[in-house]
file upload-v3.cif (mmCIF, C-alpha atoms)
data_start
#
loop_
_atom_site.label_atom_id
_atom_site.label_comp_id
_atom_site.auth_asym_id
_atom_site.auth_seq_id
_atom_site.Cartn_x
_atom_site.Cartn_y
_atom_site.Cartn_z
CA MET A 1 174.56 48.60 34.38
CA GLU A 2 176.47 50.74 36.79
CA ARG A 3 180.16 50.40 37.49
CA THR A 4 181.52 51.72 40.75
CA ASP A 5 184.64 50.82 41.83
CA ARG A 6 184.84 53.23 56.68
CA THR A 7 184.19 52.00 62.93
CA ILE A 8 182.11 49.41 64.43
CA GLY A 9 180.86 49.56 67.97
CA PRO A 10 178.23 46.81 68.32
CA PRO A 11 179.38 43.52 69.81
CA GLY A 12 181.05 41.22 67.30
CA ARG A 13 179.78 37.75 66.54
CA ARG A 14 183.08 36.31 67.73
CA ARG A 15 185.23 37.40 70.65
CA LEU A 16 188.99 37.81 70.50
CA ALA A 17 191.12 37.11 73.54
CA VAL A 18 193.85 39.27 75.03
CA VAL A 19 195.22 37.66 78.16
CA ALA A 20 197.88 39.18 80.41
CA VAL A 21 200.09 36.60 82.06
CA ALA A 22 199.00 37.80 85.48
CA ALA A 23 195.29 38.18 84.71
CA ALA A 24 192.84 37.16 81.97
CA LEU A 25 191.21 39.99 80.07
CA ALA A 26 188.33 39.19 77.69
CA ILE A 27 188.44 41.71 74.88
CA GLY A 28 185.54 42.21 72.40
CA ALA A 29 185.09 44.72 69.64
CA CYS A 30 183.13 47.68 70.93
CA THR A 31 183.68 45.33 69.68
CA ASP A 32 171.59 51.97 32.44
CA GLY A 33 172.51 50.81 29.44
CA SER A 34 176.24 51.26 29.19
CA PRO A 35 178.65 50.88 32.10
CA THR A 36 180.19 54.00 33.59
CA GLN A 37 183.25 54.30 35.77
CA SER A 38 182.95 56.56 38.78
CA PRO A 39 185.89 57.70 40.91
CA THR A 40 187.05 55.07 43.36
CA PRO A 41 186.64 56.25 46.95
CA THR A 42 189.62 55.79 49.22
CA ALA A 43 189.80 55.00 52.88
CA THR A 44 190.02 58.02 55.14
CA PRO A 45 193.09 57.78 57.36
CA VAL A 46 192.58 58.24 61.08
CA THR A 47 194.95 60.63 62.83
CA PRO A 48 196.47 58.82 65.80
CA THR A 49 195.41 60.38 69.09
CA ALA A 50 198.57 59.19 70.78
CA MET A 51 201.90 57.68 69.91
CA PRO A 52 202.35 54.00 70.78
CA THR A 53 203.21 53.53 74.42
CA GLU A 54 204.53 50.45 76.16
CA ALA A 55 201.55 48.69 77.71
CA SER A 56 201.69 47.25 81.20
CA ALA A 57 199.88 44.12 80.02
CA PHE A 58 203.03 42.56 78.55
CA PRO A 59 203.82 39.73 78.43
CA MET A 60 200.41 38.93 76.93
CA THR A 61 198.81 36.04 75.14
CA VAL A 62 196.54 36.95 72.23
CA ASP A 63 194.23 34.89 70.05
CA ALA A 64 192.15 36.07 67.07
CA GLY A 65 190.45 32.69 66.92
CA TYR A 66 193.07 30.87 64.88
CA GLY A 67 195.67 30.03 67.52
CA ALA A 68 197.12 31.80 70.55
CA ILE A 69 200.52 33.48 70.60
CA THR A 70 202.48 35.04 73.45
CA LEU A 71 204.22 38.39 73.15
CA ASP A 72 206.88 39.25 75.71
CA ALA A 73 206.87 42.95 74.83
CA MET A 74 205.24 45.40 72.46
CA PRO A 75 206.39 44.55 68.89
CA THR A 76 208.79 47.01 67.30
CA SER A 77 208.91 45.43 63.82
CA VAL A 78 205.90 43.86 62.08
CA PHE A 79 205.53 41.91 58.85
CA ALA A 80 202.03 41.72 57.30
CA TRP A 81 200.92 39.09 54.79
CA GLY A 82 197.63 39.57 52.98
CA TYR A 83 195.21 42.32 52.08
CA GLN A 84 193.38 42.28 55.40
CA PRO A 85 196.49 42.59 57.61
CA VAL A 86 197.67 45.45 55.37
CA ASP A 87 194.22 47.07 55.65
CA GLU A 88 194.26 46.79 59.45
CA LEU A 89 197.70 48.41 59.76
CA SER A 90 196.78 51.17 57.32
CA VAL A 91 193.80 52.09 59.50
CA LEU A 92 196.09 52.31 62.52
CA GLY A 93 198.59 54.50 60.67
CA TYR A 94 201.27 51.90 61.41
CA GLU A 95 204.02 51.26 58.84
CA PRO A 96 205.33 47.69 59.00
CA ALA A 97 208.87 46.60 58.23
CA GLY A 98 207.47 44.73 55.25
CA TYR A 99 204.33 43.29 53.75
CA ALA A 100 203.22 40.85 51.07
CA THR A 101 200.21 41.11 48.79
CA ARG A 102 199.31 39.50 45.49
CA VAL A 103 200.22 42.74 43.67
CA GLU A 104 203.34 43.67 45.67
CA ALA A 105 201.79 46.99 46.69
CA VAL A 106 199.36 48.58 49.10
CA PRO A 107 195.91 48.52 47.45
CA PRO A 108 195.32 52.06 46.12
CA PHE A 109 191.88 52.31 47.69
CA LEU A 110 193.51 52.26 51.14
CA ASN A 111 195.03 55.69 50.50
CA THR A 112 198.19 54.64 52.34
CA THR A 113 201.87 55.17 51.55
CA TRP A 114 204.62 53.21 53.27
CA PRO A 115 207.91 54.60 51.90
CA ASN A 116 210.14 52.50 54.15
CA ALA A 117 208.31 49.18 54.12
CA VAL A 118 209.60 46.35 51.91
CA ALA A 119 206.89 45.16 49.50
CA LEU A 120 206.88 41.47 48.55
CA GLY A 121 204.65 39.32 46.39
CA GLU A 122 202.87 36.13 47.40
CA PRO A 123 204.07 33.88 48.76
CA PRO A 124 206.78 35.96 50.44
CA SER A 125 210.37 34.76 50.42
CA LEU A 126 211.35 33.27 53.76
CA GLU A 127 214.87 34.66 53.40
CA GLN A 128 213.58 38.19 52.75
CA VAL A 129 211.27 38.10 55.73
CA VAL A 130 214.04 36.79 57.97
CA ALA A 131 216.25 39.67 56.79
CA MET A 132 213.64 42.16 58.02
CA GLY A 133 213.86 40.74 61.53
CA PRO A 134 210.20 41.13 62.53
CA ASP A 135 209.15 40.34 66.07
CA LEU A 136 205.50 39.88 64.98
CA ILE A 137 203.91 38.53 61.80
CA ILE A 138 200.25 39.29 61.09
CA SER A 139 198.90 36.98 58.41
CA ASP A 140 195.65 35.91 56.82
CA ASN A 141 194.67 32.52 58.23
CA SER A 142 194.14 31.17 54.70
CA ASN A 143 197.84 31.63 53.90
CA ASP A 144 200.41 28.83 54.12
CA ASN A 145 201.65 30.25 57.39
CA ALA A 146 203.77 27.19 58.13
CA ALA A 147 206.17 28.54 55.50
CA LEU A 148 207.00 31.45 57.82
CA GLU A 149 207.43 29.52 61.06
CA ASP A 150 211.21 29.43 60.60
CA VAL A 151 211.33 33.25 60.80
CA GLY A 152 211.22 32.85 64.56
CA ALA A 153 208.53 35.50 65.15
CA PRO A 154 205.07 34.72 66.54
CA ILE A 155 202.37 34.66 63.84
CA LEU A 156 199.04 36.30 64.63
CA LYS A 157 196.54 34.72 62.24
CA ILE A 158 193.46 36.74 61.36
CA ARG A 159 190.61 36.40 58.88
CA ALA A 160 187.26 38.20 58.88
CA ASN A 161 184.70 35.75 57.57
CA GLU A 162 182.01 38.14 58.87
CA TYR A 163 182.60 41.88 58.67
CA LEU A 164 182.33 42.49 62.42
CA GLN A 165 185.33 40.22 62.89
CA ALA A 166 187.47 42.76 61.02
CA PHE A 167 186.69 45.31 63.71
CA ASP A 168 187.32 42.79 66.51
CA GLU A 169 190.72 42.20 64.95
CA LEU A 170 191.36 45.93 64.53
CA ILE A 171 190.84 46.50 68.25
CA LEU A 172 193.06 43.53 69.07
CA ILE A 173 195.93 44.69 66.84
CA GLY A 174 195.53 48.21 68.18
CA GLN A 175 195.98 46.92 71.72
CA ILE A 176 199.09 44.98 70.74
CA LEU A 177 200.69 48.00 69.05
CA GLY A 178 199.66 50.62 71.62
CA LEU A 179 197.18 52.18 69.16
CA GLU A 180 193.88 51.11 70.69
CA ASP A 181 192.60 54.72 70.72
CA VAL A 182 193.13 54.95 66.96
CA ALA A 183 191.35 51.64 66.40
CA GLN A 184 188.43 52.72 68.57
CA GLN A 185 188.13 56.08 66.81
CA PHE A 186 187.91 54.37 63.40
CA SER A 187 185.39 51.89 64.79
CA ASP A 188 183.22 54.64 66.24
CA ASN A 189 183.34 56.58 62.95
CA PHE A 190 182.22 53.52 61.01
CA LYS A 191 179.41 52.82 63.46
CA ALA A 192 178.13 56.38 63.06
CA LYS A 193 178.35 56.20 59.26
CA LEU A 194 176.46 52.91 59.12
CA ALA A 195 173.79 54.17 61.53
CA ASP A 196 173.31 57.27 59.37
CA ILE A 197 172.80 55.13 56.26
CA GLN A 198 170.39 52.84 58.08
CA ALA A 199 168.34 55.81 59.27
CA LYS A 200 168.08 57.24 55.76
CA ILE A 201 166.91 53.95 54.23
CA ALA A 202 164.54 52.94 57.01
CA ALA A 203 161.48 53.71 54.89
CA GLU A 204 162.88 52.14 51.71
CA PRO A 205 161.55 48.74 50.57
CA SER A 206 163.96 45.88 51.12
CA VAL A 207 165.57 44.27 48.08
CA THR A 208 167.16 40.88 47.59
CA VAL A 209 170.85 40.96 46.68
CA MET A 210 173.41 38.43 45.48
CA ILE A 211 177.15 38.80 44.87
CA VAL A 212 179.10 36.75 42.30
CA TYR A 213 182.62 36.68 40.86
CA PRO A 214 184.62 34.57 38.35
CA GLY A 215 184.75 30.95 39.40
CA VAL A 216 187.64 28.53 39.51
CA GLU A 217 186.80 27.08 36.09
CA PRO A 218 184.84 28.09 32.98
CA GLY A 219 181.09 28.00 33.40
CA VAL A 220 181.29 28.30 37.19
CA LEU A 221 180.68 31.35 39.36
CA GLY A 222 181.90 32.09 42.85
CA MET A 223 178.93 33.08 44.97
CA TRP A 224 179.16 34.71 48.39
CA LEU A 225 176.68 33.52 51.01
CA ASP A 226 174.78 35.49 53.64
CA SER A 227 177.28 34.23 56.24
CA SER A 228 180.31 35.80 54.51
CA PHE A 229 182.13 39.08 55.14
CA ILE A 230 180.41 40.81 52.25
CA GLY A 231 177.08 39.05 52.82
CA THR A 232 176.84 40.21 56.43
CA LEU A 233 177.92 43.73 55.48
CA VAL A 234 175.38 44.15 52.67
CA ALA A 235 172.65 42.67 54.87
CA ASP A 236 173.25 45.42 57.44
CA LEU A 237 172.44 47.92 54.67
CA GLY A 238 168.80 46.83 54.88
CA THR A 239 168.86 44.12 52.23
CA ASP A 240 167.65 40.54 52.21
CA TYR A 241 170.74 38.65 51.11
CA ALA A 242 169.40 36.15 48.62
CA LEU A 243 171.83 33.21 48.76
CA LYS A 244 171.58 31.78 52.27
CA LEU A 245 173.71 29.04 53.74
CA ALA A 246 170.66 27.52 55.40
CA ASP A 247 168.86 27.22 52.05
CA LEU A 248 171.56 25.29 50.19
CA GLY A 249 170.64 21.77 49.16
CA ASP A 250 172.72 18.62 48.94
CA THR A 251 173.42 19.24 45.24
CA ASP A 252 174.70 22.72 46.02
CA LEU A 253 177.11 21.33 48.59
CA GLU A 254 178.64 18.56 46.51
CA GLY A 255 182.42 18.26 46.22
CA ASP A 256 184.41 21.08 47.79
CA ASN A 257 181.36 23.29 48.24
CA ALA A 258 180.49 21.91 51.68
CA ASN A 259 183.86 23.03 53.07
CA ARG A 260 183.78 26.30 51.14
CA ALA A 261 180.34 27.13 52.50
CA THR A 262 181.11 26.47 56.16
CA SER A 263 184.71 27.69 56.22
CA PHE A 264 184.63 30.68 53.87
CA GLY A 265 180.97 31.54 53.26
CA LEU A 266 180.98 30.83 49.53
CA VAL A 267 180.10 28.21 46.92
CA GLN A 268 181.10 27.62 43.29
CA LEU A 269 178.05 26.91 41.12
CA GLY A 270 176.71 27.58 37.62
CA LEU A 271 174.62 30.51 36.41
CA GLU A 272 171.51 28.36 36.81
CA LYS A 273 171.79 28.91 40.59
CA VAL A 274 171.59 32.67 40.09
CA VAL A 275 168.55 32.14 37.86
CA GLN A 276 166.97 29.99 40.58
CA VAL A 277 167.54 32.61 43.28
CA ASN A 278 166.75 35.49 40.88
CA PRO A 279 167.73 38.45 43.09
CA ASP A 280 166.43 41.99 42.63
CA VAL A 281 169.99 43.33 42.62
CA LEU A 282 173.14 41.61 41.40
CA PHE A 283 176.65 42.75 42.29
CA VAL A 284 179.41 41.39 40.06
CA LEU A 285 183.00 41.46 41.30
CA GLY A 286 185.14 41.49 38.18
CA THR A 287 185.43 43.30 34.89
CA ASP A 288 183.06 44.48 32.19
CA ASP A 289 184.47 41.73 29.96
CA PHE A 290 183.43 39.17 32.56
CA VAL A 291 179.89 40.56 32.58
CA ALA A 292 179.84 40.43 28.77
CA SER A 293 180.78 36.75 28.95
CA LEU A 294 177.86 36.11 31.29
CA ALA A 295 175.50 37.87 28.87
CA GLU A 296 176.38 35.29 26.21
CA ASN A 297 174.23 32.83 28.16
CA PRO A 298 170.52 33.32 27.21
CA ALA A 299 169.57 32.74 30.84
CA TRP A 300 171.31 35.97 31.82
CA ALA A 301 168.62 38.08 30.15
CA THR A 302 165.90 36.39 32.23
CA LEU A 303 167.25 37.68 35.54
CA ASN A 304 165.20 40.37 37.29
CA ALA A 305 168.37 42.31 38.07
CA VAL A 306 169.29 42.39 34.38
CA THR A 307 165.84 43.32 33.03
CA ASN A 308 165.51 46.06 35.69
CA ASP A 309 169.04 47.39 35.14
CA ARG A 310 170.12 46.56 38.71
CA VAL A 311 173.50 44.97 37.92
CA SER A 312 176.57 46.77 39.30
CA VAL A 313 180.23 45.90 38.76
CA PHE A 314 182.75 46.39 41.57
CA ASP A 315 186.46 45.94 42.27
CA ARG A 316 187.06 42.37 43.37
CA ASP A 317 190.15 43.27 45.41
CA LEU A 318 188.16 45.77 47.45
CA TRP A 319 184.91 43.85 47.82
CA SER A 320 186.16 40.29 48.06
CA ARG A 321 189.86 39.92 48.77
CA ASP A 322 190.48 42.63 51.36
CA ARG A 323 187.94 41.98 54.15
CA GLY A 324 189.35 44.74 56.35
CA PRO A 325 187.72 47.67 58.17
CA ALA A 326 188.87 50.28 55.65
CA ALA A 327 187.43 48.20 52.82
CA ALA A 328 184.16 47.88 54.76
CA GLN A 329 183.93 51.66 55.03
CA ILE A 330 184.33 52.15 51.28
CA ILE A 331 181.96 49.29 50.44
CA ILE A 332 179.03 50.71 52.42
CA GLU A 333 179.42 53.98 50.50
CA GLN A 334 179.45 52.25 47.10
CA ALA A 335 176.72 49.76 47.99
CA SER A 336 174.40 52.43 49.38
CA HIS A 337 174.39 54.25 46.05
CA ALA A 338 173.86 51.05 44.06
CA LEU A 339 171.05 49.84 46.33
CA TYR A 340 169.27 53.15 47.00
CA PRO A 341 170.18 55.54 44.13
CA THR A 342 167.34 57.96 44.92
CA VAL A 343 168.46 58.29 48.54
CA PHE A 344 172.17 58.40 47.71
CA PRO A 345 172.42 59.89 44.20
#
call {"tool": "encode", "arguments": {"input": "upload-v3.cif", "output": "structure tokens"}}
result
Amino acid sequence: MERTDRTIGPPGRRRLAVVAVAAALAIGACTDGSPTQSPTPTATPVTPTAMPTEASAFPMTVDAGYGAITLDAMPTSVFAWGYQPVDELSVLGYEPAGYATRVEAVPPFLNTTWPNAVALGEPPSLEQVVAMGPDLIISDNSNDNAALEDVGAPILKIRANEYLQAFDELILIGQILGLEDVAQQFSDNFKAKLADIQAKIAAEPSVTVMIVYPGVEPGVLGMWLDSSFIGTLVADLGTDYALKLADLGDTDLEGDNANRATSFGLVQLGLEKVVQVNPDVLFVLGTDDFVASLAENPAWATLNAVTNDRVSVFDRDLWSRDRGPAAAQIIIEQASHALYPTVFP
């Protein structure tokens, strides 16, 4: 079992709107036996091609698909809540006034240092955010954003449930902050990297892949679907993503799973579902101890991915919780090696 612990140019599956008050502008994203630990790649920062400049489009109304906000002028102080908003700003080389993540720090794989930004945990303190005086909040749509409404700043809600959305949102945020050229450069670099990988694996046989992580209760696994951020990303690496939303039955969608599947691209089911799907390759987002706990179930040894030594363990923060463009860039590098080790040794 291997342990391994960046933009996009094709049209996104969902369009984001940037509307000037005087005129409507539709904006899209151009648009092995024993585990081993390899060095964790980090996101490659993009050097801004220009400093932020006041755009003539203000006031503007923007919408990332989770509610429109109006900005009277270019923001001068931003607060970011969540891994993806932090990822997006790190790509742009933009240091916010403050940010909140579950670990009270910028994820190390983003290769970003913000010496002047105030780091908070989740959920962030309303009083501390107010003290920063932001004129824009960028927050994951899954957060309790109502808790920040009293700050008085507009809240741009984002969430990439498919990986192309992360690049749509990167372009949008770049336009808001006068850094669209930086966003586009990162997007173009990612597009070229992905195209290069696709060309190198064109003659390789397709494999079925499934991605799991610790579930909400013992005996249950979280399972990403083909419609999710990571499912769509891995599928574009020439795989046949094994757990498809369209193939789920009524039993699979009982309880909260129906909402999870349609809203977030995931379900919580037992190991028997993995056995049923039986993918060629299995990616586990967690720890070696978690994998060892799975191996205690006799069914684990029956999986094709286990018998053929095609189980890889990855960082859950990077692969599952971030969902930003920088994370996507690192993931395609790690996944390419795990999927096609002879092509990418």
call {"tool": "atom_distance", "arguments": {"input": "upload-v3.cif", "atom1": "atom CA of Ala100 of chain A", "atom2": "atom CA of Asn145 of chain A"}}
result
12.4 Å
call {"tool": "resolve_selection", "arguments": {"input": "upload-v3.cif", "expression": "the PyMOL selection byres ((chain A and resi 211) around 7)", "output": "PDB file with C-alpha atoms, keeping the file's coordinate frame"}}
result
ATOM      1  CA  VAL A 209     170.850  40.960  46.680  1.00  0.00           C
ATOM      2  CA  MET A 210     173.410  38.430  45.480  1.00  0.00           C
ATOM      3  CA  VAL A 212     179.100  36.750  42.300  1.00  0.00           C
ATOM      4  CA  MET A 223     178.930  33.080  44.970  1.00  0.00           C
ATOM      5  CA  TRP A 224     179.160  34.710  48.390  1.00  0.00           C
ATOM      6  CA  LEU A 282     173.140  41.610  41.400  1.00  0.00           C
ATOM      7  CA  PHE A 283     176.650  42.750  42.290  1.00  0.00           C
ATOM      8  CA  VAL A 284     179.410  41.390  40.060  1.00  0.00           C
TER       9      VAL A 284
END
call {"tool": "residues_around", "arguments": {"input": "upload-v3.cif", "residues": "Asn304 of chain A", "least_positions_apart": "4", "cutoff": "10 Å", "atoms": "all atoms listed in the file", "output": "ChimeraX atom specification"}}
result
/A:275,278-282,300,308-311
call {"tool": "atom_distance", "arguments": {"input": "upload-v3.cif", "atom1": "atom CA of Ala242 of chain A", "atom2": "atom CA of Asp196 of chain A"}}
result
24.0 Å
call {"tool": "closest_residue", "arguments": {"input": "upload-v3.cif", "among": "A:Ala73, A:Ala147, A:Val118, A:Leu225", "to": "Arg260 of chain A", "atoms": "all atoms listed in the file"}}
result
A:Leu225
call {"tool": "residues_around", "arguments": {"input": "upload-v3.cif", "residues": "segment 220-222 of chain A", "least_positions_apart": "5", "cutoff": "9 Å", "atoms": "only C-alpha atoms", "output": "count of residues only"}}
result
11
call {"tool": "closest_residue", "arguments": {"input": "upload-v3.cif", "among": "A:Gln329, A:Thr113, A:Ser320, A:Thr208", "to": "Ala305 of chain A", "atoms": "all atoms listed in the file"}}
result
A:Thr208
call {"tool": "resolve_selection", "arguments": {"input": "upload-v3.cif", "expression": "the PyMOL selection byres ((chain A and resi 321-327) around 9)", "output": "PyMOL selection string"}}
result
chain A and resi 6-8+42-45+82-88+90-91+107+109-110+159-167+170+186-187+190+229-230+316-320+328-332
call {"tool": "write_last_selection", "arguments": {"input": "upload-v3.cif", "atoms": "C-alpha atoms", "output": "short mmCIF file (atom, residue, chain, number, x, y, z; two decimals), in the frame of the given file"}}
result
data_model
loop_
_atom_site.label_atom_id
_atom_site.label_comp_id
_atom_site.auth_asym_id
_atom_site.auth_seq_id
_atom_site.Cartn_x
_atom_site.Cartn_y
_atom_site.Cartn_z
CA ARG A 6 184.84 53.23 56.68
CA THR A 7 184.19 52.00 62.93
CA ILE A 8 182.11 49.41 64.43
CA THR A 42 189.62 55.79 49.22
CA ALA A 43 189.80 55.00 52.88
CA THR A 44 190.02 58.02 55.14
CA PRO A 45 193.09 57.78 57.36
CA GLY A 82 197.63 39.57 52.98
CA TYR A 83 195.21 42.32 52.08
CA GLN A 84 193.38 42.28 55.40
CA PRO A 85 196.49 42.59 57.61
CA VAL A 86 197.67 45.45 55.37
CA ASP A 87 194.22 47.07 55.65
CA GLU A 88 194.26 46.79 59.45
CA SER A 90 196.78 51.17 57.32
CA VAL A 91 193.80 52.09 59.50
CA PRO A 107 195.91 48.52 47.45
CA PHE A 109 191.88 52.31 47.69
CA LEU A 110 193.51 52.26 51.14
CA ARG A 159 190.61 36.40 58.88
CA ALA A 160 187.26 38.20 58.88
CA ASN A 161 184.70 35.75 57.57
CA GLU A 162 182.01 38.14 58.87
CA TYR A 163 182.60 41.88 58.67
CA LEU A 164 182.33 42.49 62.42
CA GLN A 165 185.33 40.22 62.89
CA ALA A 166 187.47 42.76 61.02
CA PHE A 167 186.69 45.31 63.71
CA LEU A 170 191.36 45.93 64.53
CA PHE A 186 187.91 54.37 63.40
CA SER A 187 185.39 51.89 64.79
CA PHE A 190 182.22 53.52 61.01
CA PHE A 229 182.13 39.08 55.14
CA ILE A 230 180.41 40.81 52.25
CA ARG A 316 187.06 42.37 43.37
CA ASP A 317 190.15 43.27 45.41
CA LEU A 318 188.16 45.77 47.45
CA TRP A 319 184.91 43.85 47.82
CA SER A 320 186.16 40.29 48.06
CA ALA A 328 184.16 47.88 54.76
CA GLN A 329 183.93 51.66 55.03
CA ILE A 330 184.33 52.15 51.28
CA ILE A 331 181.96 49.29 50.44
CA ILE A 332 179.03 50.71 52.42
#
call {"tool": "closest_residue", "arguments": {"input": "upload-v3.cif", "among": "A:Tyr66, A:Phe290, A:Phe58, A:Phe79", "to": "Glu95 of chain A", "atoms": "only C-alpha atoms"}}
result
A:Phe79
call {"tool": "closest_residue", "arguments": {"input": "upload-v3.cif", "among": "A:Ser336, A:Gln276, A:Thr262, A:Thr239", "to": "Leu303 of chain A", "atoms": "only C-alpha atoms"}}
result
A:Gln276
call {"tool": "atom_distance", "arguments": {"input": "upload-v3.cif", "atom1": "atom CA of Val343 of chain A", "atom2": "atom CA of Ile197 of chain A"}}
result
9.4 Å
call {"tool": "closest_residue", "arguments": {"input": "upload-v3.cif", "among": "A:Ala299, A:Pro115, A:Ala64, A:Glu122", "to": "Val103 of chain A", "atoms": "all atoms listed in the file"}}
result
A:Glu122
call {"tool": "closest_residue", "arguments": {"input": "upload-v3.cif", "among": "A:Leu148, A:Ile158, A:Val277, A:Val182", "to": "Gln128 of chain A", "atoms": "all atoms listed in the file"}}
result
A:Leu148
call {"tool": "residues_around", "arguments": {"input": "upload-v3.cif", "residues": "Thr287 of chain A", "least_positions_apart": "4", "cutoff": "9 Å", "atoms": "all atoms listed in the file", "output": "VMD selection string"}}
result
chain A and resid 291 to 292 313 to 316
call {"tool": "resolve_selection", "arguments": {"input": "upload-v3.cif", "expression": "the PyMOL selection byres ((chain A and resi 153) around 9)", "output": "ChimeraX atom specification"}}
result
/A:133-137,148-152,154-155
